[in-house]
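With TSV, C-alpha atoms inside, this is start-v7.tsv:
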chain	number	residue	atom	x	y	z
A	1	MET	CA	-84.38	7.56	-48.08
A	2	LYS	CA	-80.71	7.02	-48.92
A	3	TYR	CA	-80.62	9.04	-52.11
A	4	ILE	CA	-82.32	12.19	-50.92
A	5	SER	CA	-80.33	12.02	-47.68
A	6	LEU	CA	-77.08	11.67	-49.62
A	7	LEU	CA	-78.01	14.64	-51.79
A	8	ARG	CA	-78.92	16.90	-48.88
A	9	ASN	CA	-75.65	16.09	-47.14
A	10	THR	CA	-73.57	16.90	-50.20
A	11	ASP	CA	-71.55	20.08	-49.60
A	12	SER	CA	-72.18	21.53	-53.07
A	13	PHE	CA	-75.96	21.02	-52.85
A	14	LYS	CA	-76.18	22.43	-49.32
A	15	LYS	CA	-74.17	25.51	-50.23
A	16	ARG	CA	-75.99	26.32	-53.47
A	17	ASN	CA	-79.45	25.56	-52.11
A	18	GLU	CA	-78.85	27.66	-49.01
A	19	ASP	CA	-77.45	30.50	-51.12
A	20	SER	CA	-80.47	30.31	-53.45
A	21	LEU	CA	-82.90	30.43	-50.52
A	22	ASN	CA	-81.07	33.41	-48.98
A	23	ARG	CA	-81.15	35.29	-52.27
A	24	ILE	CA	-84.83	34.53	-52.72
A	25	GLN	CA	-85.55	35.85	-49.24
A	26	HIS	CA	-83.79	39.14	-50.05
A	27	ILE	CA	-85.72	39.40	-53.31
A	28	GLN	CA	-89.00	38.68	-51.53
A	29	GLU	CA	-88.29	41.38	-48.96
A	30	ALA	CA	-87.47	43.91	-51.68
A	31	PHE	CA	-90.72	43.21	-53.54
A	32	GLU	CA	-92.79	43.24	-50.35
A	33	LYS	CA	-91.35	46.61	-49.40
A	34	ILE	CA	-92.06	48.21	-52.78
A	35	LEU	CA	-95.21	46.45	-53.99
A	36	LYS	CA	-97.31	45.71	-50.91
A	37	SER	CA	-98.59	49.26	-50.62
A	38	LYS	CA	-99.34	49.50	-54.35
A	39	GLN	CA	-102.53	48.06	-55.79
A	40	TYR	CA	-101.99	48.81	-59.49
A	41	ARG	CA	-105.75	49.15	-59.82
A	42	GLU	CA	-106.21	45.70	-58.22
A	43	LEU	CA	-104.05	43.98	-60.80
A	44	GLU	CA	-103.85	41.05	-58.34
A	45	VAL	CA	-100.56	39.41	-59.21
A	46	SER	CA	-98.27	36.69	-57.98
A	47	ILE	CA	-94.58	36.80	-58.90
A	48	PHE	CA	-92.27	33.80	-59.05
A	49	CYS	CA	-88.69	33.21	-60.11
A	50	GLY	CA	-87.48	30.38	-62.31
A	51	GLY	CA	-84.07	29.43	-63.67
A	52	SER	CA	-81.20	28.57	-61.35
A	53	LEU	CA	-82.83	30.30	-58.36
A	54	GLY	CA	-85.98	28.27	-58.89
A	55	ARG	CA	-83.90	25.08	-59.20
A	56	GLY	CA	-81.96	25.87	-56.03
A	57	ASP	CA	-78.58	25.79	-57.77
A	58	ALA	CA	-77.79	29.47	-58.22
A	59	GLY	CA	-74.22	30.46	-58.98
A	60	LYS	CA	-72.37	33.74	-58.74
A	61	GLU	CA	-73.45	34.76	-62.27
A	62	SER	CA	-77.12	33.78	-61.92
A	63	ASP	CA	-79.67	36.31	-63.07
A	64	LEU	CA	-83.23	36.89	-61.90
A	65	ASP	CA	-85.80	35.15	-64.11
A	66	LEU	CA	-89.09	36.73	-63.04
A	67	PHE	CA	-92.60	35.77	-64.10
A	68	ILE	CA	-95.71	37.76	-63.20
A	69	LEU	CA	-99.16	36.16	-63.18
A	70	SER	CA	-102.27	38.33	-62.88
A	71	ASN	CA	-105.57	36.86	-61.74
A	72	LYS	CA	-107.29	39.15	-64.24
A	73	GLU	CA	-108.25	38.18	-67.77
A	74	GLY	CA	-105.93	39.61	-70.37
A	75	LYS	CA	-108.60	41.99	-71.67
A	76	ASP	CA	-108.96	43.50	-68.19
A	77	ILE	CA	-105.26	44.13	-67.56
A	78	ARG	CA	-104.61	47.86	-67.97
A	79	ARG	CA	-101.46	48.78	-69.87
A	80	MET	CA	-100.56	51.60	-67.45
A	81	ASP	CA	-100.82	49.24	-64.47
A	82	THR	CA	-98.55	46.80	-66.28
A	83	LEU	CA	-95.97	49.48	-67.10
A	84	LYS	CA	-95.86	50.71	-63.49
A	85	LEU	CA	-95.42	47.20	-62.13
A	86	LEU	CA	-92.71	46.28	-64.64
A	87	ALA	CA	-90.88	49.55	-63.90
A	88	ASP	CA	-90.87	48.74	-60.19
A	89	ALA	CA	-89.62	45.22	-60.89
A	90	ILE	CA	-86.82	46.55	-63.10
A	91	ASN	CA	-85.78	49.01	-60.39
A	92	ILE	CA	-85.68	46.21	-57.81
A	93	ASN	CA	-83.60	44.07	-60.17
A	94	GLU	CA	-81.11	46.93	-60.57
A	95	LYS	CA	-80.95	47.71	-56.83
A	96	LEU	CA	-80.20	44.07	-56.06
A	97	LYS	CA	-77.46	44.22	-58.74
A	98	TYR	CA	-78.74	41.40	-60.91
A	99	PRO	CA	-77.99	41.49	-64.67
A	100	GLU	CA	-80.51	43.07	-67.03
A	101	PHE	CA	-83.42	40.89	-68.04
A	102	SER	CA	-82.28	38.80	-70.99
A	103	ASN	CA	-83.39	39.16	-74.62
A	104	ASP	CA	-84.21	42.82	-73.97
A	105	GLY	CA	-87.06	41.76	-71.67
A	106	GLN	CA	-88.86	39.89	-74.47
A	107	TYR	CA	-90.77	37.63	-72.06
A	108	PHE	CA	-90.82	39.99	-69.10
A	109	LYS	CA	-94.49	40.92	-68.97
A	110	VAL	CA	-97.68	40.42	-66.97
A	111	TYR	CA	-99.31	37.13	-67.96
A	112	SER	CA	-103.00	36.44	-67.42
A	113	PHE	CA	-103.56	33.34	-65.30
A	114	PRO	CA	-107.23	32.98	-66.38
A	115	ASP	CA	-106.13	33.09	-70.04
A	116	MET	CA	-103.45	30.49	-69.31
A	117	PHE	CA	-105.94	28.25	-67.54
A	118	GLU	CA	-108.57	28.60	-70.25
A	119	ARG	CA	-106.08	27.46	-72.91
A	120	LEU	CA	-104.76	24.51	-70.89
A	121	GLY	CA	-104.97	21.48	-73.18
A	122	SER	CA	-106.43	23.46	-76.09
A	123	PRO	CA	-104.87	24.04	-79.54
A	124	ASN	CA	-104.05	27.60	-78.40
A	125	ASP	CA	-102.15	26.42	-75.33
A	126	ASP	CA	-98.77	27.46	-76.70
A	127	VAL	CA	-99.80	31.00	-77.72
A	128	ASP	CA	-98.12	34.00	-76.05
A	129	ASN	CA	-95.62	31.84	-74.13
A	130	LEU	CA	-98.36	30.71	-71.70
A	131	PHE	CA	-97.52	27.00	-71.94
A	132	THR	CA	-93.88	27.66	-71.10
A	133	VAL	CA	-94.81	29.86	-68.14
A	134	ARG	CA	-97.18	27.18	-66.83
A	135	MET	CA	-94.48	24.53	-67.07
A	136	LEU	CA	-91.96	26.74	-65.29
A	137	LEU	CA	-94.57	27.44	-62.60
A	138	LEU	CA	-94.85	23.69	-61.96
A	139	LEU	CA	-91.29	22.53	-62.60
A	140	GLU	CA	-88.81	25.13	-61.33
A	141	SER	CA	-90.44	28.03	-59.53
A	142	ARG	CA	-90.18	29.71	-56.15
A	143	PRO	CA	-92.62	32.41	-54.95
A	144	ILE	CA	-91.36	35.98	-54.77
A	145	PHE	CA	-94.52	37.99	-54.14
A	146	ASN	CA	-98.03	37.02	-52.99
A	147	LYS	CA	-97.25	33.43	-52.02
A	148	GLU	CA	-100.88	32.72	-51.16
A	149	LEU	CA	-102.05	33.53	-54.70
A	150	TYR	CA	-99.05	31.69	-56.20
A	151	GLU	CA	-100.01	28.51	-54.32
A	152	ALA	CA	-103.69	28.90	-55.26
A	153	GLN	CA	-102.74	29.19	-58.94
A	154	ILE	CA	-100.62	26.02	-58.75
A	155	ASP	CA	-103.44	24.25	-56.92
A	156	LYS	CA	-105.91	25.15	-59.67
A	157	VAL	CA	-103.57	23.91	-62.41
A	158	LEU	CA	-103.03	20.60	-60.59
A	159	ASP	CA	-106.80	20.28	-60.11
A	160	HIS	CA	-107.14	20.37	-63.88
A	161	TYR	CA	-104.47	17.73	-64.45
A	162	PHE	CA	-106.11	15.43	-61.89
A	163	ARG	CA	-109.73	16.16	-62.75
A	164	ASP	CA	-110.33	12.54	-63.87
A	165	SER	CA	-108.60	10.90	-60.90
A	166	SER	CA	-111.45	10.92	-58.37
A	167	GLY	CA	-112.10	7.45	-56.98
A	168	LYS	CA	-109.69	5.74	-59.39
A	169	ASP	CA	-106.84	3.78	-57.80
A	170	SER	CA	-105.49	2.99	-61.25
A	171	PHE	CA	-105.22	6.65	-62.33
A	172	HIS	CA	-101.99	7.54	-64.13
A	173	PRO	CA	-101.03	11.23	-64.55
A	174	LEU	CA	-100.54	10.89	-68.30
A	175	PHE	CA	-101.95	14.35	-69.08
A	176	LEU	CA	-99.38	15.94	-66.78
A	177	MET	CA	-96.57	13.71	-68.03
A	178	ASN	CA	-97.48	14.50	-71.63
A	179	ASP	CA	-97.22	18.24	-70.98
A	180	ILE	CA	-93.86	17.82	-69.22
A	181	LEU	CA	-92.54	15.81	-72.17
A	182	ARG	CA	-94.05	18.33	-74.59
A	183	TYR	CA	-92.16	21.06	-72.75
A	184	TRP	CA	-88.95	19.09	-73.29
A	185	ARG	CA	-89.65	18.93	-77.01
A	186	THR	CA	-90.42	22.67	-76.96
A	187	VAL	CA	-87.08	23.64	-75.41
A	188	CYS	CA	-85.30	21.33	-77.86
A	189	LEU	CA	-87.03	23.07	-80.78
A	190	ASN	CA	-86.24	26.49	-79.31
A	191	TYR	CA	-82.59	25.51	-79.16
A	192	GLU	CA	-82.63	24.61	-82.85
A	193	LEU	CA	-84.00	28.07	-83.64
A	194	VAL	CA	-81.31	29.78	-81.56
A	195	ARG	CA	-78.55	27.78	-83.25
A	196	ASN	CA	-79.17	29.71	-86.45
A	197	ASP	CA	-79.28	33.13	-84.80
A	198	PRO	CA	-75.77	34.67	-84.76
A	199	ARG	CA	-76.88	37.15	-82.08
A	200	ARG	CA	-77.68	34.45	-79.49
A	201	PRO	CA	-75.22	32.42	-77.36
A	202	TRP	CA	-76.49	29.04	-78.56
A	203	ARG	CA	-73.55	27.05	-77.21
A	204	LYS	CA	-74.45	27.98	-73.64
A	205	LYS	CA	-78.07	27.08	-74.34
A	206	ASN	CA	-76.88	23.75	-75.73
A	207	ILE	CA	-75.06	23.03	-72.47
A	208	ASN	CA	-78.13	24.04	-70.46
A	209	LEU	CA	-80.21	21.66	-72.55
A	210	LYS	CA	-77.88	18.74	-71.85
A	211	PHE	CA	-77.79	19.30	-68.10
A	212	SER	CA	-80.17	21.62	-66.22
A	213	ARG	CA	-83.09	21.41	-68.67
A	214	MET	CA	-82.80	17.65	-68.90
A	215	LEU	CA	-82.66	17.37	-65.11
A	216	THR	CA	-85.74	19.56	-64.64
A	217	ILE	CA	-87.80	17.47	-67.05
A	218	PHE	CA	-86.72	13.92	-66.34
A	219	GLY	CA	-85.91	14.47	-62.68
A	220	THR	CA	-89.63	15.26	-62.34
A	221	ILE	CA	-90.81	12.38	-64.54
A	222	LEU	CA	-88.94	9.73	-62.50
A	223	PRO	CA	-90.87	10.07	-59.19
A	224	LEU	CA	-94.14	10.26	-61.14
A	225	ILE	CA	-93.54	6.79	-62.59
A	226	SER	CA	-91.51	5.13	-59.82
A	227	GLY	CA	-93.41	6.25	-56.74
A	228	PRO	CA	-96.69	5.44	-55.04
A	229	ALA	CA	-100.00	6.08	-56.77
A	230	SER	CA	-99.93	9.56	-58.25
A	231	THR	CA	-102.36	11.87	-56.51
A	232	LYS	CA	-102.68	15.61	-56.57
A	233	LYS	CA	-101.37	15.68	-52.99
A	234	ASN	CA	-98.26	13.64	-53.86
A	235	VAL	CA	-97.50	15.77	-56.91
A	236	GLY	CA	-97.98	18.89	-54.79
A	237	LYS	CA	-95.27	17.60	-52.44
A	238	LEU	CA	-92.96	16.97	-55.39
A	239	LYS	CA	-93.56	20.55	-56.56
A	240	ASP	CA	-92.02	21.79	-53.30
A	241	LEU	CA	-88.77	19.94	-54.05
A	242	THR	CA	-86.05	21.18	-56.39
A	243	PRO	CA	-85.59	19.16	-59.62
A	244	ILE	CA	-82.53	17.36	-58.27
A	245	GLU	CA	-84.37	16.55	-55.03
A	246	ARG	CA	-87.22	15.09	-57.11
A	247	LEU	CA	-84.72	12.89	-58.92
A	248	ALA	CA	-83.33	11.69	-55.59
A	249	GLN	CA	-86.87	11.04	-54.35
A	250	GLY	CA	-87.56	8.99	-57.47
A	251	LEU	CA	-84.39	6.97	-56.88
A	252	ASP	CA	-85.53	6.25	-53.33
A	253	TYR	CA	-88.82	4.98	-54.76
A	254	LEU	CA	-86.84	2.57	-56.99
A	255	ASN	CA	-85.34	1.06	-53.83
A	256	ASP	CA	-82.12	0.01	-55.54
A	257	ASP	CA	-78.88	0.68	-53.66
A	258	SER	CA	-76.75	-0.60	-56.53
A	259	ILE	CA	-76.79	2.76	-58.33
A	260	LEU	CA	-75.82	4.84	-55.29
A	261	GLU	CA	-72.22	5.26	-56.45
A	262	ARG	CA	-73.33	6.34	-59.93
A	263	PHE	CA	-75.67	8.89	-58.37
A	264	GLU	CA	-72.72	10.38	-56.48
A	265	ASN	CA	-70.88	10.69	-59.78
A	266	PHE	CA	-74.01	12.23	-61.35
A	267	LEU	CA	-73.97	14.92	-58.65
A	268	LYS	CA	-70.30	15.66	-59.33
A	269	ILE	CA	-71.01	16.01	-63.05
A	270	TYR	CA	-73.85	18.44	-62.37
A	271	GLU	CA	-71.64	20.54	-60.10
A	272	GLU	CA	-69.00	20.68	-62.85
A	273	PHE	CA	-71.70	21.90	-65.25
A	274	ILE	CA	-72.68	24.71	-62.86
A	275	LYS	CA	-69.05	25.74	-62.44
A	276	LEU	CA	-68.57	25.79	-66.22
A	277	LYS	CA	-71.62	28.04	-66.56
A	278	GLU	CA	-70.21	30.36	-63.91
A	279	SER	CA	-66.94	30.59	-65.81
A	280	MET	CA	-68.87	31.74	-68.90
A	281	GLY	CA	-70.25	34.77	-67.09
A	282	SER	CA	-73.68	36.38	-67.26
A	283	LYS	CA	-75.88	35.45	-70.20
A	284	VAL	CA	-76.62	39.12	-70.86
A	285	ASN	CA	-74.44	40.58	-73.62
A	286	LEU	CA	-72.63	37.27	-73.86
A	287	ASP	CA	-71.22	36.58	-77.32
A	288	ASP	CA	-70.46	33.21	-78.85
A	289	ALA	CA	-66.76	34.01	-79.15
A	290	SER	CA	-66.34	34.23	-75.38
A	291	ILE	CA	-68.24	30.98	-74.91
A	292	ASP	CA	-66.34	29.25	-77.71
A	293	GLU	CA	-63.11	29.61	-75.78
A	294	LYS	CA	-64.59	28.01	-72.66
A	295	VAL	CA	-66.41	25.25	-74.52
A	296	LYS	CA	-63.48	24.31	-76.77
A	297	SER	CA	-61.07	24.05	-73.85
A	298	ASN	CA	-63.49	21.71	-72.09
A	299	ALA	CA	-65.12	20.10	-75.14
A	300	LYS	CA	-64.14	16.49	-74.52
A	301	GLU	CA	-64.97	16.61	-70.82
A	302	VAL	CA	-68.33	18.32	-71.45
A	303	LYS	CA	-69.22	15.75	-74.12
A	304	ASN	CA	-68.32	12.80	-71.89
A	305	ASN	CA	-70.14	14.28	-68.92
A	306	ALA	CA	-73.26	14.99	-70.98
A	307	GLU	CA	-73.30	11.41	-72.24
A	308	GLU	CA	-72.93	9.98	-68.74
A	309	PHE	CA	-75.53	12.42	-67.40
A	310	SER	CA	-78.18	11.45	-69.95
A	311	LYS	CA	-77.29	7.75	-69.77
A	312	PHE	CA	-77.85	7.72	-66.02
A	313	LEU	CA	-81.25	9.41	-66.37
A	314	TYR	CA	-82.26	7.03	-69.16
A	315	GLU	CA	-81.30	3.94	-67.18
A	316	CYS	CA	-83.25	5.22	-64.17
A	317	LEU	CA	-86.34	5.78	-66.32
A	318	MET	CA	-85.97	2.29	-67.84
A	319	HIS	CA	-85.23	0.61	-64.49
A	320	GLU	CA	-86.66	-2.87	-63.95
A	321	ASN	CA	-88.81	-1.54	-61.10
A	322	ILE	CA	-90.63	0.87	-63.43
A	323	LYS	CA	-93.91	-0.44	-64.81
A	324	GLU	CA	-93.72	-1.47	-68.45
A	325	GLU	CA	-96.72	0.68	-69.37
A	326	TYR	CA	-94.83	3.79	-68.26
A	327	LYS	CA	-91.73	2.79	-70.22
A	328	ARG	CA	-93.83	2.34	-73.34
A	329	TYR	CA	-95.47	5.72	-72.79
A	330	LEU	CA	-92.10	7.47	-72.55
A	331	VAL	CA	-90.87	5.86	-75.77
A	332	LEU	CA	-94.06	5.69	-77.81

Please express the file's structure as structure tokens.
Amino acid sequence: MKYISLLRNTDSFKKRNEDSLNRIQHIQEAFEKILKSKQYRELEVSIFCGGSLGRGDAGKESDLDLFILSNKEGKDIRRMDTLKLLADAININEKLKYPEFSNDGQYFKVYSFPDMFERLGSPNDDVDNLFTVRMLLLLESRPIFNKELYEAQIDKVLDHYFRDSSGKDSFHPLFLMNDILRYWRTVCLNYELVRNDPRRPWRKKNINLKFSRMLTIFGTILPLISGPASTKKNVGKLKDLTPIERLAQGLDYLNDDSILERFENFLKIYEEFIKLKESMGSKVNLDDASIDEKVKSNAKEVKNNAEEFSKFLYECLMHENIKEEYKRYLVL
């Protein structure tokens, strides 16, 4: 367990992860205090956070990316209940002094978990942002309110991904891997759309894509293809780790000490990325001009770091200890 031990003893990881957990605890307490006594006509919701808090690498400018999942079908979710709940969440966000929800709250809504589950794997899977929310639930989420329901929802999603695994020692989680890779393609396409929108800070999103997004996706893929037989239980354990912890776990599965030094450099590069993001400020009301100045002054270093970052991940995924069938699946 050299890699995950090295990570957890790194000062930057310990500080940011501890800070993220402390912030999440304060957020949980605020929501419990306000929402526990309110039923919203039995809306039955879980709330989780994503983004840097969900990844365990929050910085001083991190905002609160909230996602609300109701156990009711969309047709049964009353608009007034939704408005009351969102108003309470906005008030909590303001009291805790987090920035406004980005994009004017475009994706800040109550999502129907039954609707999400029904569309899983169907042609309508990507409608109403449900695919993205499901991927964030699995890849970079931490519970904020109603942890029991949150865990039950994750359990049900994993059941679906592993529905064909019963009694099969040779089962490979290709359905799950395909969705994770599809999510990567989705965020890449979303970036291309933002590039042409003068109102959106696309340069910051480009940097996120090259570091944190890439880590979330491929840091999760690595232990799926390098570890012991994939079971729902094993994937559930991976879910409880942050993306960078999953990467370290995957490296331990590879059982190759020769890349230990490069992993240390990888961690330094990721910390530099987080510090650069902090220097850019909050993403709310951020204009490209302010980012341009930061990016241009660090352009060469960012480019070199991004290349080394992606090269390290690629070489891990193509490692000689990875089965050839998995390598082919990732490429083809």

_Given all atoms listed in the file as the basis, pick out the residue of A:Glu271, A:Ser230, A:Lys75, A:Glu32 nearest to A:Lys15._
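Smallest separation from A:Lys15 among the options: A:Glu271.
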
*Could you tell me which of A:Arg142, A:Lys210, A:Lys303, A:Lys156 comes closest to A:Met116 if we count all atoms listed in the file?*
A:Lys156

_I'd like to know which of A:Ser52, A:Thr242, A:Ser226, A:Asn103 is closest to A:Glu325, using all atoms listed in the file._
A:Ser226

*Find, counting only C-alpha atoms, the residue in A:Ser310, A:Leu85, A:Met280, A:Leu181 that gets nearest to A:Leu332.*
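Nearest candidate to A:Leu332 out of A:Ser310, A:Leu85, A:Met280, A:Leu181: A:Leu181.
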
*Could you check how far atom CA of A:Leu174 sits from atom CA of A:Asp256, in Å to one decimal?*
24.9 Å

*Grab the atom CA of A:Ile68 to atom CA of A:Asp115 distance for me, in Å with one decimal place.*
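Interatomic distance here is 13.3 Å.
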
_Using Å and a single decimal, report how far atom CA of A:Asp179 sits from atom CA of A:Ala58._
25.8 Å

*Quick one: of A:Ser122, A:Ser170, A:Asn208, A:Asn71, who's nearest to A:Val302, counting all atoms listed in the file?*
A:Asn208

*Counting only C-alpha atoms, which of A:Asp63, A:Asp128, A:Glu301, A:Glu118 gets nearest to A:Glu94?*
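Result for the nearest residue to A:Glu94: A:Asp63.
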
Polymer residues at most 9 Å from A:Phe175, only C-alpha atoms, same-chain spacing of 4 or more positions, as a short mmCIF file (atom, residue, chain, number, x, y, z; two decimals) with C-alpha atoms, in the frame of the given file:
data_model
loop_
_atom_site.label_atom_id
_atom_site.label_comp_id
_atom_site.auth_asym_id
_atom_site.auth_seq_id
_atom_site.Cartn_x
_atom_site.Cartn_y
_atom_site.Cartn_z
CA GLY A 121 -104.97 21.48 -73.18
CA TYR A 161 -104.47 17.73 -64.45
CA PHE A 162 -106.11 15.43 -61.89
CA ASP A 179 -97.22 18.24 -70.98
CA ILE A 180 -93.86 17.82 -69.22
#

*Need the neighbours of (-101.7, 51.4, -58.2): which residues are at most 12 Å away, counting only C-alpha atoms, as a VMD selection string?*
chain A and resid 34 to 44 78 to 85 88

Keeping only C-alpha atoms, write those residues as an mmCIF file, in the frame of the given file.
data_model
loop_
_atom_site.group_PDB
_atom_site.id
_atom_site.type_symbol
_atom_site.label_atom_id
_atom_site.label_comp_id
_atom_site.auth_asym_id
_atom_site.auth_seq_id
_atom_site.Cartn_x
_atom_site.Cartn_y
_atom_site.Cartn_z
ATOM 1 C CA ILE A 34 -92.060 48.210 -52.780
ATOM 2 C CA LEU A 35 -95.210 46.450 -53.990
ATOM 3 C CA LYS A 36 -97.310 45.710 -50.910
ATOM 4 C CA SER A 37 -98.590 49.260 -50.620
ATOM 5 C CA LYS A 38 -99.340 49.500 -54.350
ATOM 6 C CA GLN A 39 -102.530 48.060 -55.790
ATOM 7 C CA TYR A 40 -101.990 48.810 -59.490
ATOM 8 C CA ARG A 41 -105.750 49.150 -59.820
ATOM 9 C CA GLU A 42 -106.210 45.700 -58.220
ATOM 10 C CA LEU A 43 -104.050 43.980 -60.800
ATOM 11 C CA GLU A 44 -103.850 41.050 -58.340
ATOM 12 C CA ARG A 78 -104.610 47.860 -67.970
ATOM 13 C CA ARG A 79 -101.460 48.780 -69.870
ATOM 14 C CA MET A 80 -100.560 51.600 -67.450
ATOM 15 C CA ASP A 81 -100.820 49.240 -64.470
ATOM 16 C CA THR A 82 -98.550 46.800 -66.280
ATOM 17 C CA LEU A 83 -95.970 49.480 -67.100
ATOM 18 C CA LYS A 84 -95.860 50.710 -63.490
ATOM 19 C CA LEU A 85 -95.420 47.200 -62.130
ATOM 20 C CA ASP A 88 -90.870 48.740 -60.190
#

Exercise: A:Leu176 partners within 12 Å, all atoms listed in the file, chain neighbours under 3 positions left out, as a PDB file with C-alpha atoms, in the coordinates of the input:
ATOM      1  CA  LEU A 120    -104.760  24.510 -70.890  1.00  0.00           C
ATOM      2  CA  GLY A 121    -104.970  21.480 -73.180  1.00  0.00           C
ATOM      3  CA  ARG A 134     -97.180  27.180 -66.830  1.00  0.00           C
ATOM      4  CA  MET A 135     -94.480  24.530 -67.070  1.00  0.00           C
ATOM      5  CA  LEU A 138     -94.850  23.690 -61.960  1.00  0.00           C
ATOM      6  CA  LEU A 139     -91.290  22.530 -62.600  1.00  0.00           C
ATOM      7  CA  VAL A 157    -103.570  23.910 -62.410  1.00  0.00           C
ATOM      8  CA  LEU A 158    -103.030  20.600 -60.590  1.00  0.00           C
ATOM      9  CA  ASP A 159    -106.800  20.280 -60.110  1.00  0.00           C
ATOM     10  CA  HIS A 160    -107.140  20.370 -63.880  1.00  0.00           C
ATOM     11  CA  TYR A 161    -104.470  17.730 -64.450  1.00  0.00           C
ATOM     12  CA  PHE A 162    -106.110  15.430 -61.890  1.00  0.00           C
ATOM     13  CA  ARG A 163    -109.730  16.160 -62.750  1.00  0.00           C
ATOM     14  CA  ASP A 164    -110.330  12.540 -63.870  1.00  0.00           C
ATOM     15  CA  PHE A 171    -105.220   6.650 -62.330  1.00  0.00           C
ATOM     16  CA  HIS A 172    -101.990   7.540 -64.130  1.00  0.00           C
ATOM     17  CA  PRO A 173    -101.030  11.230 -64.550  1.00  0.00           C
ATOM     18  CA  ASP A 179     -97.220  18.240 -70.980  1.00  0.00           C
ATOM     19  CA  ILE A 180     -93.860  17.820 -69.220  1.00  0.00           C
ATOM     20  CA  LEU A 181     -92.540  15.810 -72.170  1.00  0.00           C
ATOM     21  CA  ARG A 182     -94.050  18.330 -74.590  1.00  0.00           C
ATOM     22  CA  TYR A 183     -92.160  21.060 -72.750  1.00  0.00           C
ATOM     23  CA  ILE A 217     -87.800  17.470 -67.050  1.00  0.00           C
ATOM     24  CA  THR A 220     -89.630  15.260 -62.340  1.00  0.00           C
ATOM     25  CA  ILE A 221     -90.810  12.380 -64.540  1.00  0.00           C
ATOM     26  CA  LEU A 224     -94.140  10.260 -61.140  1.00  0.00           C
ATOM     27  CA  ILE A 225     -93.540   6.790 -62.590  1.00  0.00           C
ATOM     28  CA  SER A 230     -99.930   9.560 -58.250  1.00  0.00           C
ATOM     29  CA  THR A 231    -102.360  11.870 -56.510  1.00  0.00           C
ATOM     30  CA  LYS A 232    -102.680  15.610 -56.570  1.00  0.00           C
ATOM     31  CA  VAL A 235     -97.500  15.770 -56.910  1.00  0.00           C
TER      32      VAL A 235
END

_Taking 2 positions as the minimum chain separation for residues in the same chain, which residues sit within 12 Å of A:Glu29 when counting only C-alpha atoms? Answer as a PyMOL selection string._
chain A and resi 22-27+31-36+92+96+143-146

*Write out as a ChimeraX atom specification which residues come within 10 Å of A:Leu330 when counting all atoms listed in the file, dropping same-chain ones fewer than 3 positions away.*
/A:177-178,181,221,317-318,324-327

Using the structure block above, produce a file of stretch 221-233 of chain A that contains N, CA and C atoms, as a PDB file, in the first residue's frame.
ATOM      1  N   ILE A 221     -10.983   4.908 -13.338  1.00  0.00           N
ATOM      2  CA  ILE A 221     -10.829   3.791 -14.279  1.00  0.00           C
ATOM      3  C   ILE A 221      -9.676   2.872 -13.859  1.00  0.00           C
ATOM      4  N   LEU A 222      -8.553   3.458 -13.406  1.00  0.00           N
ATOM      5  CA  LEU A 222      -7.361   2.646 -13.126  1.00  0.00           C
ATOM      6  C   LEU A 222      -7.615   1.502 -12.144  1.00  0.00           C
ATOM      7  N   PRO A 223      -8.182   1.738 -10.953  1.00  0.00           N
ATOM      8  CA  PRO A 223      -8.406   0.608 -10.045  1.00  0.00           C
ATOM      9  C   PRO A 223      -9.434  -0.391 -10.558  1.00  0.00           C
ATOM     10  N   LEU A 224     -10.317   0.045 -11.458  1.00  0.00           N
ATOM     11  CA  LEU A 224     -11.289  -0.886 -12.039  1.00  0.00           C
ATOM     12  C   LEU A 224     -10.610  -1.910 -12.941  1.00  0.00           C
ATOM     13  N   ILE A 225      -9.501  -1.507 -13.578  1.00  0.00           N
ATOM     14  CA  ILE A 225      -8.846  -2.419 -14.523  1.00  0.00           C
ATOM     15  C   ILE A 225      -7.551  -3.019 -13.982  1.00  0.00           C
ATOM     16  N   SER A 226      -7.047  -2.481 -12.870  1.00  0.00           N
ATOM     17  CA  SER A 226      -5.778  -2.992 -12.338  1.00  0.00           C
ATOM     18  C   SER A 226      -5.958  -3.839 -11.088  1.00  0.00           C
ATOM     19  N   GLY A 227      -7.147  -3.766 -10.487  1.00  0.00           N
ATOM     20  CA  GLY A 227      -7.359  -4.418  -9.210  1.00  0.00           C
ATOM     21  C   GLY A 227      -7.907  -5.825  -9.292  1.00  0.00           C
ATOM     22  N   PRO A 228      -8.334  -6.343  -8.140  1.00  0.00           N
ATOM     23  CA  PRO A 228      -8.947  -7.669  -8.104  1.00  0.00           C
ATOM     24  C   PRO A 228     -10.263  -7.664  -8.873  1.00  0.00           C
ATOM     25  N   ALA A 229     -10.852  -8.836  -9.002  1.00  0.00           N
ATOM     26  CA  ALA A 229     -12.112  -8.954  -9.750  1.00  0.00           C
ATOM     27  C   ALA A 229     -13.095  -7.884  -9.303  1.00  0.00           C
ATOM     28  N   SER A 230     -13.659  -7.177 -10.272  1.00  0.00           N
ATOM     29  CA  SER A 230     -14.591  -6.097  -9.962  1.00  0.00           C
ATOM     30  C   SER A 230     -15.920  -6.663  -9.482  1.00  0.00           C
ATOM     31  N   THR A 231     -16.283  -6.308  -8.283  1.00  0.00           N
ATOM     32  CA  THR A 231     -17.575  -6.675  -7.721  1.00  0.00           C
ATOM     33  C   THR A 231     -18.256  -5.400  -7.263  1.00  0.00           C
ATOM     34  N   LYS A 232     -19.533  -5.492  -7.040  1.00  0.00           N
ATOM     35  CA  LYS A 232     -20.260  -4.328  -6.545  1.00  0.00           C
ATOM     36  C   LYS A 232     -19.660  -3.855  -5.220  1.00  0.00           C
ATOM     37  N   LYS A 233     -19.269  -4.797  -4.367  1.00  0.00           N
ATOM     38  CA  LYS A 233     -18.696  -4.454  -3.065  1.00  0.00           C
ATOM     39  C   LYS A 233     -17.383  -3.696  -3.234  1.00  0.00           C
TER      40      LYS A 233
END
